[in-house]
Structures are given as C-alpha cells and as structure tokens.
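Visitor: CSV, C-alpha atoms and all ligand atoms, file upload_30.csv:
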chain,number,residue,atom,x,y,z
D,23,MET,CA,11.5,14.1,9.2
D,24,LEU,CA,11.1,10.3,8.9
D,25,ILE,CA,13.5,8.5,6.5
D,26,TYR,CA,13.3,4.8,5.8
D,27,LEU,CA,16.7,3.2,5.4
D,28,TRP,CA,17.1,-0.4,4.3
D,29,ALA,CA,18.7,-2.8,1.9
D,30,GLU,CA,16.8,-5.3,-0.2
D,31,SER,CA,17.8,-8.1,-2.5
D,32,GLN,CA,15.9,-9.7,-5.3
D,33,GLY,CA,12.3,-10.3,-4.3
D,34,LYS,CA,12.5,-7.6,-1.6
D,35,VAL,CA,14.2,-9.9,0.8
D,36,ILE,CA,15.5,-8.0,3.8
D,37,GLY,CA,16.1,-10.5,6.6
D,38,PHE,CA,16.9,-14.1,7.4
D,39,GLN,CA,17.0,-15.8,10.8
D,40,GLY,CA,17.1,-12.5,12.7
D,41,GLY,CA,19.9,-11.0,10.7
D,42,LEU,CA,20.8,-9.8,7.3
D,43,PRO,CA,21.0,-12.4,4.5
D,44,TRP,CA,24.2,-11.0,3.0
D,45,HIS,CA,27.5,-9.5,4.1
D,46,LEU,CA,28.0,-6.2,2.3
D,47,PRO,CA,30.5,-4.0,4.1
D,48,ALA,CA,29.9,-1.1,1.7
D,49,ASP,CA,26.3,-1.0,2.8
D,50,MET,CA,27.2,-1.1,6.5
D,51,HIS,CA,29.6,1.8,5.9
D,52,TYR,CA,26.8,3.7,4.1
D,53,PHE,CA,24.4,3.0,7.0
D,54,LYS,CA,27.0,4.3,9.5
D,55,THR,CA,27.7,7.4,7.4
D,56,VAL,CA,24.2,8.5,6.9
D,57,THR,CA,22.9,7.7,10.4
D,58,THR,CA,25.8,8.9,12.6
D,59,GLY,CA,24.8,12.0,14.5
D,60,ASN,CA,21.1,11.4,13.9
D,61,THR,CA,18.4,9.1,15.3
D,62,ILE,CA,17.6,5.5,14.5
D,63,VAL,CA,14.3,3.9,15.2
D,64,ALA,CA,14.3,0.1,15.2
D,65,GLY,CA,11.7,-2.6,16.0
D,66,ALA,CA,12.7,-4.8,18.9
D,67,LYS,CA,13.9,-7.7,16.7
D,68,THR,CA,16.1,-5.4,14.6
D,69,PHE,CA,17.4,-3.8,17.7
D,70,ALA,CA,18.2,-7.3,19.1
D,71,SER,CA,20.3,-7.9,16.0
D,72,PHE,CA,22.7,-5.1,17.0
D,73,PRO,CA,25.6,-6.1,19.3
D,74,LYS,CA,24.8,-3.0,21.4
D,75,PRO,CA,23.1,0.4,20.9
D,76,LEU,CA,24.6,2.1,17.9
D,77,PRO,CA,27.2,4.6,19.0
D,78,ASN,CA,27.0,8.3,18.2
D,79,ARG,CA,23.3,8.0,17.4
D,80,THR,CA,20.1,8.4,19.4
D,81,ASN,CA,18.7,4.8,19.6
D,82,VAL,CA,15.0,4.4,19.7
D,83,VAL,CA,13.4,1.0,20.0
D,84,VAL,CA,9.8,0.2,19.4
D,85,THR,CA,8.5,-2.6,21.6
D,86,HIS,CA,5.8,-3.6,24.1
D,87,GLN,CA,8.6,-4.5,26.6
D,88,PRO,CA,9.3,-2.2,29.5
D,89,THR,CA,12.1,0.4,29.3
D,90,THR,CA,14.1,-1.7,31.9
D,91,ALA,CA,14.5,-4.4,29.3
D,92,PHE,CA,16.9,-2.2,27.4
D,93,PRO,CA,20.3,-0.5,28.1
D,94,THR,CA,20.3,2.8,29.7
D,95,GLY,CA,20.1,5.6,27.2
D,96,VAL,CA,17.9,3.8,24.8
D,97,THR,CA,14.6,5.6,24.2
D,98,VAL,CA,11.7,3.1,24.3
D,99,LEU,CA,8.4,3.7,22.5
D,100,ASP,CA,5.5,1.4,22.9
D,101,SER,CA,3.5,2.1,19.7
D,102,LEU,CA,3.8,3.5,16.1
D,103,ASP,CA,1.7,6.5,17.2
D,104,ALA,CA,4.4,7.2,19.8
D,105,VAL,CA,7.0,7.2,16.9
D,106,ARG,CA,4.8,9.6,15.0
D,107,ALA,CA,4.6,11.9,18.0
D,108,TYR,CA,8.3,11.6,18.6
D,109,ALA,CA,9.0,12.6,15.0
D,110,ALA,CA,6.4,15.4,15.0
D,111,GLN,CA,8.1,16.9,18.1
D,112,ARG,CA,11.4,17.0,16.2
D,113,PRO,CA,10.6,18.3,12.7
D,114,ASP,CA,14.2,19.4,12.0
D,115,GLU,CA,15.8,16.1,12.9
D,116,LYS,CA,16.7,13.3,10.6
D,117,ILE,CA,15.0,10.2,12.1
D,118,PHE,CA,16.0,7.1,10.3
D,119,VAL,CA,13.5,4.2,10.6
D,120,VAL,CA,15.8,1.2,10.1
D,121,GLY,CA,13.3,-1.6,10.2
D,122,GLY,CA,12.3,-4.3,10.4
D,123,ALA,CA,9.4,-5.3,8.3
D,124,GLN,CA,6.8,-4.7,11.1
D,125,ILE,CA,7.9,-1.2,11.6
D,126,PHE,CA,8.3,-0.4,7.9
D,127,ALA,CA,4.8,-1.7,7.3
D,128,GLY,CA,3.2,0.6,9.8
D,129,LEU,CA,4.8,3.9,9.0
D,130,ILE,CA,4.7,4.0,5.2
D,131,ASN,CA,2.1,6.8,5.1
D,132,ASP,CA,4.2,8.9,7.4
D,133,VAL,CA,7.7,8.6,5.8
D,134,ASP,CA,9.2,11.6,4.0
D,135,TYR,CA,12.2,9.9,2.3
D,136,LEU,CA,13.3,6.4,1.3
D,137,TYR,CA,16.9,5.5,1.3
D,138,ARG,CA,17.1,2.1,-0.4
D,139,THR,CA,20.1,-0.1,-1.2
D,140,VAL,CA,19.2,-2.4,-4.0
D,141,ILE,CA,21.2,-5.6,-4.2
D,142,HIS,CA,21.0,-7.3,-7.5
D,143,ALA,CA,21.4,-10.8,-6.2
D,144,GLY,CA,19.2,-13.5,-4.8
D,145,PHE,CA,19.2,-14.7,-1.1
D,146,ASP,CA,17.1,-17.0,1.0
D,147,GLY,CA,15.0,-14.9,3.4
D,148,ASP,CA,12.2,-15.0,5.9
D,149,THR,CA,11.5,-11.2,6.1
D,150,TRP,CA,10.5,-9.0,3.2
D,151,MET,CA,10.1,-5.3,2.6
D,152,PRO,CA,6.4,-4.4,2.6
D,153,ALA,CA,4.9,-3.0,-0.6
D,154,ILE,CA,5.6,0.6,-1.3
D,155,ASP,CA,3.7,2.7,-3.8
D,156,TYR,CA,6.7,4.3,-5.6
D,157,THR,CA,4.4,6.5,-7.6
D,158,LYS,CA,4.1,8.6,-4.5
D,159,PHE,CA,7.9,9.1,-4.4
D,160,GLN,CA,10.4,10.7,-6.7
D,161,LEU,CA,13.9,9.3,-7.2
D,162,ILE,CA,16.2,12.1,-6.3
D,163,ASP,CA,19.6,10.3,-6.2
D,164,THR,CA,21.1,7.1,-7.3
D,165,GLN,CA,24.7,6.0,-6.9
D,166,PRO,CA,26.2,2.7,-8.0
D,167,GLY,CA,27.9,0.6,-5.4
D,168,ILE,CA,31.4,-0.5,-6.1
D,169,ARG,CA,31.6,-4.3,-6.6
D,170,ASN,CA,34.8,-5.8,-5.4
D,171,ALA,CA,36.1,-8.9,-3.5
D,172,LYS,CA,34.6,-7.8,-0.2
D,173,ASN,CA,31.3,-6.6,-1.8
D,174,PRO,CA,30.8,-9.3,-4.5
D,175,TYR,CA,27.4,-8.1,-5.8
D,176,ASP,CA,26.0,-5.4,-8.0
D,177,PHE,CA,24.2,-2.9,-5.8
D,178,ALA,CA,23.1,0.7,-5.8
D,179,PHE,CA,22.1,3.4,-3.3
D,180,GLU,CA,18.8,5.1,-4.1
D,181,GLN,CA,17.1,8.1,-2.4
D,182,TYR,CA,13.5,9.0,-2.9
D,183,GLN,CA,11.5,12.0,-1.7
D,184,ARG,CA,7.8,12.0,-1.2
D,185,LYS,CA,6.1,13.9,-4.0
D,201,LIG,N1,17.8,-5.4,5.1
D,201,LIG,C1,17.6,-4.4,5.9
D,201,LIG,O1,17.8,-3.3,5.6
D,201,LIG,C2,16.9,-4.7,7.3
D,201,LIG,C3,16.6,-3.7,8.1
D,201,LIG,C4,16.0,-4.0,9.3
D,201,LIG,C5,15.8,-5.3,9.7
D,201,LIG,N2,16.2,-6.3,8.9
D,201,LIG,C6,15.9,-7.7,9.2
D,201,LIG,O2,14.5,-7.9,9.4
D,201,LIG,C7,14.3,-8.9,10.5
D,201,LIG,C8,13.6,-8.3,11.6
D,201,LIG,O3,12.3,-7.7,11.1
D,201,LIG,P1,10.9,-8.1,11.8
D,201,LIG,O4,9.9,-7.5,11.0
D,201,LIG,O5,10.9,-9.5,12.1
D,201,LIG,O6,11.0,-7.4,13.3
D,201,LIG,P2,11.1,-5.8,13.7
D,201,LIG,O7,10.2,-5.0,13.0
D,201,LIG,O8,12.5,-5.5,13.8
D,201,LIG,O9,10.7,-6.0,15.3
D,201,LIG,C9,9.4,-6.5,15.6
D,201,LIG,C10,9.1,-6.2,17.0
D,201,LIG,O10,8.9,-4.8,17.1
D,201,LIG,C11,7.9,-4.5,18.1
D,201,LIG,N3,6.8,-3.9,17.5
D,201,LIG,C12,6.3,-4.0,16.2
D,201,LIG,N4,5.2,-3.3,16.0
D,201,LIG,C13,5.0,-2.6,17.2
D,201,LIG,C14,4.0,-1.7,17.6
D,201,LIG,N5,3.0,-1.3,16.8
D,201,LIG,N6,4.0,-1.3,18.9
D,201,LIG,C15,5.0,-1.7,19.7
D,201,LIG,N7,6.0,-2.5,19.4
D,201,LIG,C16,6.0,-3.0,18.1
D,201,LIG,C17,7.6,-5.9,18.7
D,201,LIG,O11,8.5,-6.0,19.8
D,201,LIG,P3,8.1,-6.8,21.2
D,201,LIG,O12,7.8,-8.2,20.8
D,201,LIG,O13,9.4,-6.6,22.0
D,201,LIG,O14,7.0,-6.1,21.7
D,201,LIG,C18,7.9,-6.8,17.6
D,201,LIG,O15,8.1,-8.1,18.0
D,201,LIG,C19,15.7,-9.3,10.9
D,201,LIG,O16,16.1,-10.4,10.1
D,201,LIG,C20,16.6,-8.1,10.5
D,201,LIG,O17,17.9,-8.4,10.3
D,201,LIG,C21,16.7,-6.0,7.7
Output the structure of this file as structure tokens.
Ligand SMILES: NC(=O)c1ccc[n+]([C@@H]2O[C@H](COP(=O)([O-])OP(=O)(O)OC[C@H]3O[C@@H](n4cnc5c(N)ncnc54)[C@H](OP(=O)(O)O)[C@@H]3O)[C@@H](O)[C@H]2O)c1
Guide:
Amino acid sequence: MLIYLWAESQGKVIGFQGGLPWHLPADMHYFKTVTTGNTIVAGAKTFASFPKPLPNRTNVVVTHQPTTAFPTGVTVLDSLDAVRAYAAQRPDEKIFVVGGAQIFAGLINDVDYLYRTVIHAGFDGDTWMPAIDYTKFQLIDTQPGIRNAKNPYDFAFEQYQRK
C-alpha cells in the first residue's frame, strides 16, 4: 500500500531552500517511528536533504539519474510508473511516499493513506503540498502533538484512509 507522509504548515508550506522550514523534533520522531522497518520513496531533491540513506528502512529514490549516482543499497526508480509497479508488486508492504512536492503531485490518485502532520504556524517556504481532494479520504485518526520548549508550535498528527 502507498502512504503519503508529510508535514505542512499554514498555507500548505512543506519546504524551503532544500530542507524543512521548521525544526520540530517530535515530528522527526514520528517520522522515524512510522517508517522504521518499512520502505520510503523520495524524490531526488528530498533524498538529497537526508545526510545518508535512512537506516533500517528500504530507501527508494525517484530520479532520472543513474543508479551509480546513489549509495549502494538504494533502489533507484526512473519514473512514477516504476513506483506504481514497485508498490503493486508489494501489496502487503507499507510504502511511505515522503515527498517532495513533485512526487506527491504525481501519485495522488494511487495513494491509499495520508499521514499528515499539521503545524499551526506560518513559515516562509518555496515548496507547497499539492492540492488533495479530501472528500475522497476519511479521517481515521488524529492525535495532538505536545507543544513544549523543543517543539514550540501547536501541531497534530492526522491519518486518512481512501474511501
Ligand atoms: N514537509 C515535508 O513533509 C516534506 C517532505 C518532503 C520534502 N519536503 C521538502 O520539499 C522540498 C523538495 O521537494 P521538490 O518537490 O522540490 O523535490 P522532490 O520531489 O523531492 O524531488 C524532485 C526530483 O525528483 C525526480 N523526479 C520527479 N519526478 C520524477 C519522475 N516522474 N520521474 C523520475 N524522476 C522524477 C527528479 O530528480 P532528478 O532531477 O534527479 O531526475 C526531480 O528533480 C525540500 O525543501 C524538502 O525538504 C518536505
């Protein structure tokens, strides 16, 4: 199954200058918790924002670059159709599409679940979450984030399932 996993702030901002606009350790912890042991699929720019392939996960990168441009062990797919085929061959696996916007835009009709962190704060950004028709999804879980000195925003973790 394909699952989108992302965090967005006010105005659907998701990125700035190749990285995240915010520092929210609680969301990084959530990301690690839900993806560990599973597969992540990232566009080349998002993959480049990681210091290295994410440990204890199958790392898939979507790019037109050759496999040799990436560390050993990273699965390289050259199209969104290749991602669809990869997921179709693994129906029992949780495959987390972790962005960025280019990848989110292309697979919206294929995704089964949405895991969205909503950050109730405004940030400068240069990358936005593409439009999603939420009438096609049902909210199945929402958990408030805990605001504290290290996570100084109101935020919540939401999960949606395709109807
Ligand atoms: N807030 C969040 O949850 C979140 C999540 C993810 C990312 N982000 C942020 O979003 C920004 C990056 O997003 P982005 O949209 O600019 O880039 P991206 O989607 O991460 O990567 C774009 C790259 O993916 C490859 N690609 C895209 N479509 C393809 C296709 N159909 N076939 C083959 N390859 C394809 C291309 O790589 P090549 O040029 O190598 O061919 C393209 O340059 C960063 O700021 C990042 O931190 C935020």
Visitor: Neighbours of ligand LIG 201 (chain D) at 9 Å or closer, counting all atoms listed in the file: which residues, as an MDAnalysis selection string?
Guide: chainID D and resid 27:31 34:44 64:72 83:88 99:104 119:128 138:139 147:151
Visitor: Could you check the closest approach to Arg169 of chain D for each of D:Val133, D:Ala48, D:Lys74, D:Pro113 and tell me which residue wins, using only C-alpha atoms?
Guide: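 Closest to Arg169 of chain D, using only C-alpha atoms: D:Ala48.
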Visitor: Identify which of the residues D:Asp132, D:Ala171, D:Tyr137, D:Pro166 lies closest to Phe53 of chain D, counting all atoms listed in the file when measuring atom-to-atom distances.
Guide: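 Of the candidates, the smallest distance to Phe53 of chain D is held by D:Tyr137.
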Visitor: Using all atoms listed in the file, find each residue of segment 39-141 of chain D with at least one atom at most 10 Å away from an atom of segment 157-160 of chain D; report its shortest atom-to-atom pair and that distance in Å (one decimal), sort the rows by chain and rising residue number, and return the result as a tab-separated table.
Guide:
residue	atom	partner	partner_atom	distance
D:Asn131	CA	D:Lys158	CA	10.0
D:Asp134	CA	D:Phe159	CA	8.9
D:Tyr135	CA	D:Phe159	CA	8.0
D:Leu136	CA	D:Phe159	CA	8.3
Visitor: For the residues selected in the previous step, produce a file with C-alpha atoms as a PDB file, in the coordinates of the input.
Guide:
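The file below, part-v7.pdb, is the result:
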ATOM      1  CA  ASN D 131       2.100   6.800   5.100  1.00  0.00           C
ATOM      2  CA  ASP D 134       9.200  11.600   4.000  1.00  0.00           C
ATOM      3  CA  TYR D 135      12.200   9.900   2.300  1.00  0.00           C
ATOM      4  CA  LEU D 136      13.300   6.400   1.300  1.00  0.00           C
TER       5      LEU D 136
END
Visitor: Calculate how many Å separate atom CA of Ala109 of chain D from atom CA of Ile62 of chain D, rounding to one decimal.
Guide: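 Taking atom CA of Ala109 of chain D as the start and atom CA of Ile62 of chain D as the end point, the length is 11.2 Å.
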Visitor: What's the separation between atom CA of Lys172 of chain D and atom CA of Thr57 of chain D, in Å to one decimal place?
Guide: 22.1 Å
Visitor: With distances taken over all atoms listed in the file, which of D:Ile130, D:Thr90, D:Thr55, D:Gly33 is nearest to His142 of chain D?
Guide: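 Closest residue, counting all atoms listed in the file: D:Gly33.
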Visitor: In Å, rounded to a single decimal, give me how far atom CA of Ile162 of chain D is from atom CA of Val105 of chain D.
Guide: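 Taking atom CA of Val105 of chain D and atom CA of Ile162 of chain D, their separation equals 25.4 Å.
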Visitor: Of the residues D:Ile141, D:Leu161, D:Val98, D:Tyr156, which is the one nearest to Asn173 of chain D, using only C-alpha atoms?
Guide: D:Ile141
Visitor: In terms of the shortest atom-to-atom distance over all atoms listed in the file, which of D:Met50, D:Ala91, D:Ala107, D:Ile154 is closest to Arg184 of chain D?
Guide: D:Ile154
Visitor: Between D:Ala143, D:Ile168, D:Val63, D:Ile117, which one has atoms that come closest to Val96 of chain D, using only C-alpha atoms?
Guide: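 Ranking D:Ala143, D:Ile168, D:Val63, D:Ile117 by distance to Val96 of chain D, first place goes to D:Val63.
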Visitor: Is there a way to complete segment 143-170 of chain D with N, CA and C atoms and then write that out as a compact mmCIF listing (two decimals), keeping the file's coordinate frame?
Guide:
# COMPACT_ATOMS: atom_id res chain seq x y z
N ALA D 143 21.06 -9.43 -6.39
CA ALA D 143 21.40 -10.80 -6.20
C ALA D 143 20.29 -11.47 -5.39
N GLY D 144 20.24 -12.80 -5.45
CA GLY D 144 19.20 -13.50 -4.80
C GLY D 144 19.68 -14.17 -3.49
N PHE D 145 18.86 -14.09 -2.43
CA PHE D 145 19.20 -14.70 -1.10
C PHE D 145 17.99 -15.38 -0.55
N ASP D 146 18.21 -16.43 0.21
CA ASP D 146 17.10 -17.00 1.00
C ASP D 146 16.75 -15.98 2.09
N GLY D 147 15.47 -15.87 2.37
CA GLY D 147 15.00 -14.90 3.40
C GLY D 147 13.77 -15.38 4.08
N ASP D 148 13.48 -14.74 5.21
CA ASP D 148 12.20 -15.00 5.90
C ASP D 148 11.53 -13.66 6.27
N THR D 149 12.10 -12.55 5.81
CA THR D 149 11.50 -11.20 6.10
C THR D 149 11.63 -10.41 4.81
N TRP D 150 10.53 -9.75 4.46
CA TRP D 150 10.50 -9.00 3.20
C TRP D 150 10.05 -7.58 3.43
N MET D 151 10.52 -6.69 2.56
CA MET D 151 10.10 -5.30 2.60
C MET D 151 8.62 -5.22 2.22
N PRO D 152 7.80 -4.55 3.03
CA PRO D 152 6.40 -4.40 2.60
C PRO D 152 6.27 -3.60 1.35
N ALA D 153 5.11 -3.75 0.71
CA ALA D 153 4.90 -3.00 -0.60
C ALA D 153 4.93 -1.53 -0.35
N ILE D 154 5.55 -0.87 -1.29
CA ILE D 154 5.60 0.60 -1.30
C ILE D 154 5.09 1.09 -2.62
N ASP D 155 4.24 2.10 -2.58
CA ASP D 155 3.70 2.70 -3.80
C ASP D 155 4.72 3.77 -4.25
N TYR D 156 5.61 3.35 -5.16
CA TYR D 156 6.70 4.30 -5.60
C TYR D 156 6.15 5.42 -6.45
N THR D 157 4.89 5.35 -6.89
CA THR D 157 4.40 6.50 -7.60
C THR D 157 4.21 7.71 -6.73
N LYS D 158 4.25 7.47 -5.41
CA LYS D 158 4.10 8.60 -4.50
C LYS D 158 5.47 9.19 -4.10
N PHE D 159 6.54 8.64 -4.69
CA PHE D 159 7.90 9.10 -4.40
C PHE D 159 8.63 9.44 -5.66
N GLN D 160 9.58 10.35 -5.53
CA GLN D 160 10.40 10.70 -6.70
C GLN D 160 11.85 10.33 -6.38
N LEU D 161 12.46 9.65 -7.34
CA LEU D 161 13.90 9.30 -7.20
C LEU D 161 14.72 10.56 -7.30
N ILE D 162 15.45 10.90 -6.25
CA ILE D 162 16.20 12.10 -6.30
C ILE D 162 17.73 11.88 -6.34
N ASP D 163 18.14 10.64 -6.09
CA ASP D 163 19.60 10.30 -6.20
C ASP D 163 19.78 8.84 -6.35
N THR D 164 20.73 8.48 -7.19
CA THR D 164 21.10 7.10 -7.30
C THR D 164 22.61 6.99 -7.52
N GLN D 165 23.27 6.14 -6.75
CA GLN D 165 24.70 6.00 -6.90
C GLN D 165 25.03 4.50 -6.95
N PRO D 166 25.81 4.11 -7.95
CA PRO D 166 26.20 2.70 -8.00
C PRO D 166 27.12 2.31 -6.90
N GLY D 167 26.94 1.14 -6.34
CA GLY D 167 27.90 0.60 -5.40
C GLY D 167 29.11 0.06 -6.15
N ILE D 168 30.22 -0.03 -5.47
CA ILE D 168 31.40 -0.50 -6.10
C ILE D 168 31.58 -2.02 -5.77
N ARG D 169 31.45 -2.84 -6.79
CA ARG D 169 31.60 -4.30 -6.60
C ARG D 169 33.08 -4.63 -6.54
N ASN D 170 33.42 -5.41 -5.53
CA ASN D 170 34.80 -5.80 -5.40
C ASN D 170 34.84 -7.15 -4.58
